[in-house]
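Chemist: Have a look at the structure that comes next, please.
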Amino acid sequence: MPEHFDLLIRNGTCVLPWGVEETDVGVRHGRIAALGVAGAATADQTVDATGLHVLPGLIDPHVHLRDPGDTAVESIPTGTRAAVLGGLAAVFDMPNTAPAITDAGRLAWKQDYVERESWCDIGLYVGGTKQNIPELEKLELGRGVCGIKIFAGSSTGDLLVEDDEHLERVMRSGRRRIAYHSEDEYRLQDRKRMFQRGDPHRRHMEWRDVECAFLGTRRLMALARATGRPAHILHVSTAEELAYLQGFRDIATCEVLLNHLTQVAPDCYDRLEGFGVMNPPIRGPDVREACWRAINDGTVDIVGSDHAPHSREKKLLPWPDCPAGLTGVQTIVPVMLNHVNAGRLSLGRMVDLMCAGPARVYGVLGKGRLAAGYDADFTLVDMKKQRRIEETWIVSPCGWTPFAGMDIVGWPVATIVRGQAVMREDEVLGAPIGKLVRFIDTGRPE
């Protein structure tokens with residue numbers, strides 16, 4: 001009797017852990033049941049992926065969905081809708097909301113909320129503060145928690161742990177990998193007086209200079225080495241950090257943002273003004289080149305968007321009153337596919353950076369690769385499709401993207417989460433089905 005599946009993906013080119021192959025994928029009960037399926041097999045639903053590449057469901061491990069906060073800018077429902085439209089099957093949401101996710105009560109509220117409202121699967125960061133250090137070792141084990149987030153340099157929100165004494169105490173409370181915003185707060189504040197309101201937006205990269213980031217990372221690596229606590233340095237933005245971190249591969253992983261791979265100063269500030277301001281800042285072409293070298297020599301573990309929306313009105317304010325942060329959750333996949341087509345990295349390396357990398361760094365269970373038994377998360381992409389990114393396509397309520405007008409080759413055409421299609425050809429399907437991502441030590445079997 002022929003095998004029967006809930007879902008069959010036929011005729012696609014699959015990006016597998018061991019290479020790229022044309023094979024069919026069978027799904028049962030939300031998980032991959034077979035790679036390579038007999039022609040006689042049947043299914044409740046069949047997707048013809050002729051001419052398409054079938055990727056593991058892509059993950060953006062660095063988003064700020066601003067929920068709780070200002071729903072006129074972003075929310076869990078709108079941000080995850082943007083994610084699936086852009087080809088993402090999971091996102092990890094940052095804790096610097098209003099109020100911030102820093103205690104068991106707020107975490108419990110958000111755990112319940114996201115499983116009602118999210119269109120894709122979601123992991124949650126817990127924010128570390130000087131006040132909640134004793135609770136961090138318990139909070140990091142919460143259901144769906146991808147890790148603790150520490151702001152060692154100030155950015156959006158009021159989370160800040162800037163001094164070595166408290167940073168070391170954080171590292172000694174728990175054992176999972178900690179994600180850091182690495183800038184030296186003391187240097188930031190010392191340099192702030194050198195600038196004034198109304199200065200050109202390009203002064204942002206002068207204020208938050210290379211040494212701000214590099215000094216912050218050197219301090220964190222010294223403490224991580226002393227305590228033995230694994231570290232993950234978010235949005236690395238300097239050639240110096242990338243070279244330095246190669247000496248800490250036993251204790252540290254790192255992320256580079258799409259923006260630092262794509263945009264370059266001073267053009268981004270002259271052209272976009274406040275819509276090019278983010279922390280750490282976009283820098284010159286030498287940094288972009290260094291980021292690509294680090295992508296292709298394996299230094300970088302993850303690429304993320306750091307989706308951090310603000311209202312258009314606030315981004316139009318003079319520097320430095322315009323808040324730092326750019327949108328990206330809906331555009332990261334198309335822009336990365338465009339980089340693949342431009343020859344800057346292989347499709348397999350992109351999958352490593354956006355699937356296997358996040359799974360490895362954060363200890364994800366059941367996601368990150370096309371393999372039997374793994375969640376049936378898929379991103380189907382048309383590597384030949386040409387399209388221009390337009391703000392009319394953006395569904396985040398803030399309504400803007402720094403990539404508006406960019407011509408793209410390569411586009412996500414379907415997103416499948418645990419065997420259920422949630423996006424096909426720019427249409428979001430059904431109702432929200434998102435669940436909390438399972439992690440080592442925190443995952444609960446279904």
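Chain identifiers are assigned as A, B, and so on, following the order in which chains appear in the structure tokens; residues are numbered from 1 within each chain, and ligands are numbered from 1 in order of appearance.
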Extract, using only C-alpha atoms, all DNA, RNA and protein residues at most 10 Å from Leu107 of chain A, discarding same-chain residues fewer than 2 positions from it, and format them as a PyMOL selection string.

Modeler: chain A and resi 95+100-105+109-113+124-126+139+142-145

Chemist: How about saving the chosen residues, C-alpha atoms kept, as a PDB file, in the first residue's frame?

Modeler:
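Resulting contents of again-v9.pdb:
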```pdb
ATOM      1  CA  PRO A  95      12.996  42.021  25.722  1.00  0.00           C
ATOM      2  CA  ALA A 100      10.502  45.134  29.559  1.00  0.00           C
ATOM      3  CA  ILE A 101      10.449  41.332  29.894  1.00  0.00           C
ATOM      4  CA  THR A 102      12.596  41.031  33.015  1.00  0.00           C
ATOM      5  CA  ASP A 103      10.628  38.938  35.507  1.00  0.00           C
ATOM      6  CA  ALA A 104       8.594  35.745  35.730  1.00  0.00           C
ATOM      7  CA  GLY A 105       5.232  37.502  35.582  1.00  0.00           C
ATOM      8  CA  TRP A 109       2.169  36.879  30.079  1.00  0.00           C
ATOM      9  CA  LYS A 110       4.221  36.965  26.903  1.00  0.00           C
ATOM     10  CA  GLN A 111       4.497  33.174  26.651  1.00  0.00           C
ATOM     11  CA  ASP A 112       0.711  32.929  26.653  1.00  0.00           C
ATOM     12  CA  TYR A 113       0.220  35.924  24.379  1.00  0.00           C
ATOM     13  CA  LEU A 124      11.818  35.008  23.671  1.00  0.00           C
ATOM     14  CA  TYR A 125      14.757  36.815  25.228  1.00  0.00           C
ATOM     15  CA  VAL A 126      14.690  37.830  28.878  1.00  0.00           C
ATOM     16  CA  LEU A 139      14.385  32.864  33.976  1.00  0.00           C
ATOM     17  CA  GLY A 142      11.627  29.367  30.972  1.00  0.00           C
ATOM     18  CA  ARG A 143       9.543  27.824  28.214  1.00  0.00           C
ATOM     19  CA  GLY A 144      10.462  29.350  24.865  1.00  0.00           C
ATOM     20  CA  VAL A 145      13.366  31.406  26.246  1.00  0.00           C
TER      21      VAL A 145
END
```

Chemist: Do a neighbour search on Met350 of chain A at 9 Å with only C-alpha atoms, toss out local chain neighbours closer than 2 positions, and write the hits as a count of residues only.

Modeler: 12

Chemist: Quick one: residues within 7 Å of Thr23 of chain A, only C-alpha atoms, excluding same-chain residues fewer than 5 positions away - as number ranges by chain?

Modeler: A: 11-14, 35-36

Chemist: With N, CA and C atoms retained, could you export that selection as a compact mmCIF listing (two decimals), in the first residue's frame?

Modeler:
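Contents of the output file result-v1.txt:
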```
# COMPACT_ATOMS: atom_id res chain seq x y z
N ASN A 11 9.27 17.74 -6.36
CA ASN A 11 10.01 18.33 -7.48
C ASN A 11 10.86 19.54 -7.11
N GLY A 12 11.11 19.76 -5.83
CA GLY A 12 11.92 20.90 -5.42
C GLY A 12 13.39 20.55 -5.33
N THR A 13 14.23 21.58 -5.33
CA THR A 13 15.66 21.43 -5.09
C THR A 13 15.91 21.75 -3.63
N CYS A 14 16.24 20.74 -2.84
CA CYS A 14 16.30 20.87 -1.39
C CYS A 14 17.73 21.17 -0.93
N LEU A 35 12.64 12.00 3.47
CA LEU A 35 13.32 12.67 2.37
C LEU A 35 13.52 11.63 1.28
N GLY A 36 12.95 11.88 0.11
CA GLY A 36 12.94 10.87 -0.93
C GLY A 36 11.70 10.02 -0.77
```

Chemist: Show which residues sit within 6 Å of segment 209-213 of chain A, as a PDB file with N, CA and C atoms, in the first residue's frame. Count only C-alpha atoms, and ignore same-chain residues fewer than 4 positions away.

Modeler:
```
ATOM      1  N   SER A 182      27.140  44.939  22.540  1.00  0.00           N
ATOM      2  CA  SER A 182      28.494  45.252  23.009  1.00  0.00           C
ATOM      3  C   SER A 182      28.947  46.622  22.514  1.00  0.00           C
ATOM      4  N   GLU A 183      28.763  47.614  23.352  1.00  0.00           N
ATOM      5  CA  GLU A 183      29.398  48.914  23.185  1.00  0.00           C
ATOM      6  C   GLU A 183      29.795  49.388  24.579  1.00  0.00           C
ATOM      7  N   ASP A 184      30.892  50.119  24.679  1.00  0.00           N
ATOM      8  CA  ASP A 184      31.365  50.578  25.977  1.00  0.00           C
ATOM      9  C   ASP A 184      30.605  51.839  26.386  1.00  0.00           C
ATOM     10  N   MET A 205      28.026  57.612  13.376  1.00  0.00           N
ATOM     11  CA  MET A 205      29.105  56.621  13.369  1.00  0.00           C
ATOM     12  C   MET A 205      30.391  57.180  13.979  1.00  0.00           C
TER      13      MET A 205
END
```

Chemist: Any idea what's packed within 7 Å of segment 238-251 of chain A, counting only C-alpha atoms, ignoring anything in its chain fewer than 6 positions away? Could you give it as a PyMOL selection string?

Modeler: chain A and resi 210+214+217+230-231+287+290+294+299

Chemist: Any chance you can output those residues with N, CA and C atoms as a compact mmCIF listing (two decimals), in the first residue's frame?

Modeler:
```txt
# COMPACT_ATOMS: atom_id res chain seq x y z
N VAL A 210 34.42 53.00 16.25
CA VAL A 210 34.93 51.63 16.25
C VAL A 210 35.41 51.23 17.64
N PHE A 214 34.68 47.92 19.91
CA PHE A 214 35.81 47.01 20.14
C PHE A 214 36.16 46.94 21.63
N THR A 217 33.63 44.79 23.44
CA THR A 217 33.82 43.36 23.18
C THR A 217 35.06 42.83 23.90
N PRO A 230 29.50 31.12 28.31
CA PRO A 230 29.42 31.35 26.86
C PRO A 230 28.77 32.68 26.52
N ALA A 231 29.28 33.33 25.49
CA ALA A 231 28.81 34.65 25.07
C ALA A 231 28.46 34.64 23.60
N VAL A 287 34.43 48.20 6.50
CA VAL A 287 33.72 47.34 7.45
C VAL A 287 32.83 46.36 6.70
N ALA A 290 34.96 43.68 5.45
CA ALA A 290 35.40 42.80 6.54
C ALA A 290 34.29 41.85 6.95
N ALA A 294 34.38 37.75 6.86
CA ALA A 294 34.07 36.94 8.04
C ALA A 294 32.91 35.98 7.78
N THR A 299 33.90 32.92 10.41
CA THR A 299 33.93 33.62 11.69
C THR A 299 32.52 33.90 12.19
```

Chemist: Hey, what's within 7 Å of segment 266-283 of chain A if we count only C-alpha atoms and toss same-chain stuff fewer than 3 positions away? As a list in words, please?

Modeler: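 Here the answer would be Ser155, His201, Arg202, His204, Met205, Arg208, Ser237, His260, Gln263, Val287, Lys315, Leu316, Cys322, Ala324, Gly325, Leu326 and Pro402 of chain A.
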
Chemist: Please dump the current selection as a PDB file, in the first residue's frame; keep C-alpha atoms.

Modeler:
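Below is the file that was written, out-v1.pdb:
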```pdb
ATOM      1  CA  SER A 155      20.244  51.772  23.181  1.00  0.00           C
ATOM      2  CA  HIS A 201      23.323  62.092  10.622  1.00  0.00           C
ATOM      3  CA  ARG A 202      26.718  60.712   9.603  1.00  0.00           C
ATOM      4  CA  HIS A 204      26.274  58.916  14.462  1.00  0.00           C
ATOM      5  CA  MET A 205      29.105  56.621  13.369  1.00  0.00           C
ATOM      6  CA  ARG A 208      29.580  55.433  18.436  1.00  0.00           C
ATOM      7  CA  SER A 237      30.155  46.094  13.318  1.00  0.00           C
ATOM      8  CA  HIS A 260      26.302  45.889   7.786  1.00  0.00           C
ATOM      9  CA  GLN A 263      24.550  49.371   3.390  1.00  0.00           C
ATOM     10  CA  VAL A 287      33.724  47.337   7.445  1.00  0.00           C
ATOM     11  CA  LYS A 315      12.763  58.973  12.487  1.00  0.00           C
ATOM     12  CA  LEU A 316      12.313  62.386  10.815  1.00  0.00           C
ATOM     13  CA  CYS A 322      15.809  60.471  15.913  1.00  0.00           C
ATOM     14  CA  ALA A 324      18.168  54.361  16.476  1.00  0.00           C
ATOM     15  CA  GLY A 325      16.754  51.270  14.807  1.00  0.00           C
ATOM     16  CA  LEU A 326      15.762  50.052  11.336  1.00  0.00           C
ATOM     17  CA  PRO A 402      15.583  51.339   4.484  1.00  0.00           C
TER      18      PRO A 402
END
```

Chemist: For a test of reading the model, state the distance in Å between atom CA of Lys385 of chain A and atom CA of Gly410 of chain A, rounded to one decimal.

Modeler: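 Taking atom CA of Lys385 of chain A and atom CA of Gly410 of chain A, their separation equals 5.0 Å.
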
Chemist: Can you tell me which residues surround Val329 of chain A at a distance of at most 6 Å, considering only C-alpha atoms, apart from same-chain residues fewer than 2 positions away, and format the answer as a ChimeraX atom specification?

Modeler: /A:83,305,307,331-332

Chemist: Go ahead and write the residues just picked, N, CA and C atoms, as a tab-separated table (two decimals), in the first residue's frame.

Modeler:
```
chain	number	residue	atom	x	y	z
A	83	ALA	N	7.04	38.70	9.10
A	83	ALA	CA	8.06	37.65	9.04
A	83	ALA	C	7.68	36.57	8.04
A	305	SER	N	18.40	40.44	11.37
A	305	SER	CA	17.93	41.73	10.85
A	305	SER	C	18.01	42.85	11.86
A	307	HIS	N	15.53	43.87	13.40
A	307	HIS	CA	14.31	44.62	13.10
A	307	HIS	C	13.92	45.43	14.33
A	331	THR	N	12.31	41.95	5.04
A	331	THR	CA	13.19	42.12	3.89
A	331	THR	C	14.48	41.32	3.98
A	332	ILE	N	14.79	40.71	5.12
A	332	ILE	CA	16.08	40.05	5.27
A	332	ILE	C	16.25	38.90	4.29
```

Chemist: What does the distance between atom CA of Ile440 of chain A and atom CA of Val84 of chain A come to in Å, to one decimal place?

Modeler: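 Answer for the atom CA of Ile440 of chain A to atom CA of Val84 of chain A separation: 24.7 Å.
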
Chemist: Among segment 168-365 of chain A, which residues carry a DSSP assignment of strand (DSSP E), reported as a list in words?

Modeler: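 These are the residues in question: Ile178, Ala179, Tyr180, His181, Ala231, His232, Ile233, Ala252, Thr253, Cys254, Glu255, Val256, Leu257, Ile302, Val303 and Gly304 of chain A.
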
Chemist: Out of A:Ile32, A:Ile433, A:Ala179, A:Val54, which residue has the shortest atom-to-atom distance to Glu140 of chain A when counting only C-alpha atoms?

Modeler: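 Counting only C-alpha atoms, the residue closest to Glu140 of chain A is A:Ala179.
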
Chemist: Would you give me, as a ChimeraX atom specification, the residues in segment 144-306 of chain A that DSSP reads as alpha helix (DSSP H)?

Modeler: /A:164-171,185-192,203-207,210-227,239-245,258-262,267-272,285-296
